[in-house]
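Below: one structure, written as structure tokens.
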Amino acid sequence: MLELIKAEFQKSKRTTTNTFVVIAPLFTLFICALWSGGQAGAYNWWYTMFLPGMISIISSQVILREKSLSYKGILLYPINKAAVWLAKILYVSLLVICSNVIFMIGIEVVGIAFGTYIPLWANVLAIVILICTLAFTIPISLFLTVKFNMFVAVLFNIGMSIIGVVSFGSSSFFSSLPYATPSALMVPILRILPNGLPVPSDSELIHNEGIAMDSIINFIVFIILALLTTIWFKQKAVNQ
């Protein structure tokens, strides 16, 4: 498995994938500094649009490299097809972690420059929660790119993420989906509402005891989707 993950890094050396992982968080921080959005504004842009979009794009790029060759680089060699798919999921996961760490460090720099609103512990916890709760979008993005294309994968993930944010505080069906979890958990951690306004100090929203459970549920969804798409891809490889 380690060799397969290393192979993914080798394949991306001359592509924009690794560069995009750095550019996405820095661009988010830049536009918020430009518009004086501060730490709160940066986080809202990050988990609402830029992070889901980045996950979709880098996942799609991983697949498009293989798709352009009709998957010959995978199917023509005697390697475990299930392991190849899992390696791609783990590779993208590592990139997502790296990008979030860059964003986390950048948030601290923004705090020094424009005044600290989010304490360090909340910044670290928020990043860990975002990684765990948005990991499920990786196998979804890979799957949608194989079945359709990058446009569908990006549009679906960003669209569902926005719907998840808009459904915050409602009793609609969408508020119960995994896409709604990241923004809902940012409220008690960062004390910021999805619309960017601070949470009132006497609000019940800051007393969310379900953070750990909701994060675990989303991560379980990630594991289930990773296994299901692995089975699907292995079957696809057999049929081709």
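Note on naming: chains are A, B, ... as they come in the structure tokens, residues start from 1 per chain, ligands start from 1 in the order shown.
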Could you give me, as an mmCIF file with N, CA and C atoms, in the first residue's frame, the residues within 9 Å of Pro178 in chain A, counting only C-alpha atoms and dropping anything in the same chain fewer than 6 positions from it?
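Once written, result.cif looks like this:
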```
data_model
loop_
_atom_site.group_PDB
_atom_site.id
_atom_site.type_symbol
_atom_site.label_atom_id
_atom_site.label_comp_id
_atom_site.auth_asym_id
_atom_site.auth_seq_id
_atom_site.Cartn_x
_atom_site.Cartn_y
_atom_site.Cartn_z
ATOM 1 N N THR A 133 -14.791 15.202 9.192
ATOM 2 C CA THR A 133 -16.184 15.269 8.734
ATOM 3 C C THR A 133 -16.324 15.462 7.229
ATOM 4 N N LEU A 134 -15.251 15.882 6.555
ATOM 5 C CA LEU A 134 -15.329 16.055 5.101
ATOM 6 C C LEU A 134 -14.590 14.965 4.335
ATOM 7 N N PHE A 136 -15.441 12.012 3.853
ATOM 8 C CA PHE A 136 -16.377 11.193 3.070
ATOM 9 C C PHE A 136 -16.562 11.709 1.643
ATOM 10 N N GLY A 164 -25.933 22.271 2.783
ATOM 11 C CA GLY A 164 -25.722 21.902 4.186
ATOM 12 C C GLY A 164 -25.590 23.115 5.077
ATOM 13 N N ASP A 214 -20.950 13.266 16.293
ATOM 14 C CA ASP A 214 -21.210 13.673 14.909
ATOM 15 C C ASP A 214 -19.972 13.478 14.038
ATOM 16 N N ILE A 217 -19.576 9.760 13.367
ATOM 17 C CA ILE A 217 -20.575 9.300 12.392
ATOM 18 C C ILE A 217 -20.120 9.638 10.973
ATOM 19 N N ASN A 218 -19.673 10.880 10.765
ATOM 20 C CA ASN A 218 -19.208 11.269 9.435
ATOM 21 C C ASN A 218 -17.988 10.465 9.004
ATOM 22 N N VAL A 221 -19.099 7.145 7.886
ATOM 23 C CA VAL A 221 -19.629 7.278 6.519
ATOM 24 C C VAL A 221 -18.487 7.235 5.515
#
```
Could you make a table, as a tab-separated table, of the residues of range 11-80 of chain A that have an atom within 7 Å of an atom of range 140-144 of chain A, each with its nearest atom pair and distance in Å to one decimal, counting only C-alpha atoms, in chain and number order?
```
residue	atom	partner	partner_atom	distance
A:Ser56	CA	A:Ser141	CA	5.3
A:Ser59	CA	A:Leu142	CA	5.5
A:Ser60	CA	A:Leu142	CA	6.0
A:Ile63	CA	A:Leu142	CA	6.5
```
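Taking CA of Phe9 in chain A as the reference point, CA of Leu26 in chain A is found at 21.4 Å.
As for CA of Glu108 in chain A and CA of Pro188 in chain A, they are spaced 19.1 Å apart.
The space separating CA of Asn18 in chain A from CA of Ile89 in chain A comes to 15.1 Å.
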Residues at most 12 Å from Lys11 in chain A, counting only C-alpha atoms, excluding those fewer than 3 positions away in the same chain, as a PyMOL selection string? chain A and resi 4-8+14-18+61-66+73+88+91
Could you pull out the alpha helix (DSSP H) residues of range 41-109 of chain A from DSSP and send them as JSON, numbers by chain? {"A": [41, 42, 43, 44, 45, 51, 52, 53, 54, 55, 56, 57, 58, 59, 60, 61, 62, 63, 64, 65, 66, 67, 72, 73, 74, 75, 81, 82, 83, 84, 85, 86, 87, 88, 89, 90, 91, 92, 93, 94, 95, 96, 97, 98, 99, 100, 101, 102, 103, 104, 105, 106, 107, 108, 109]}
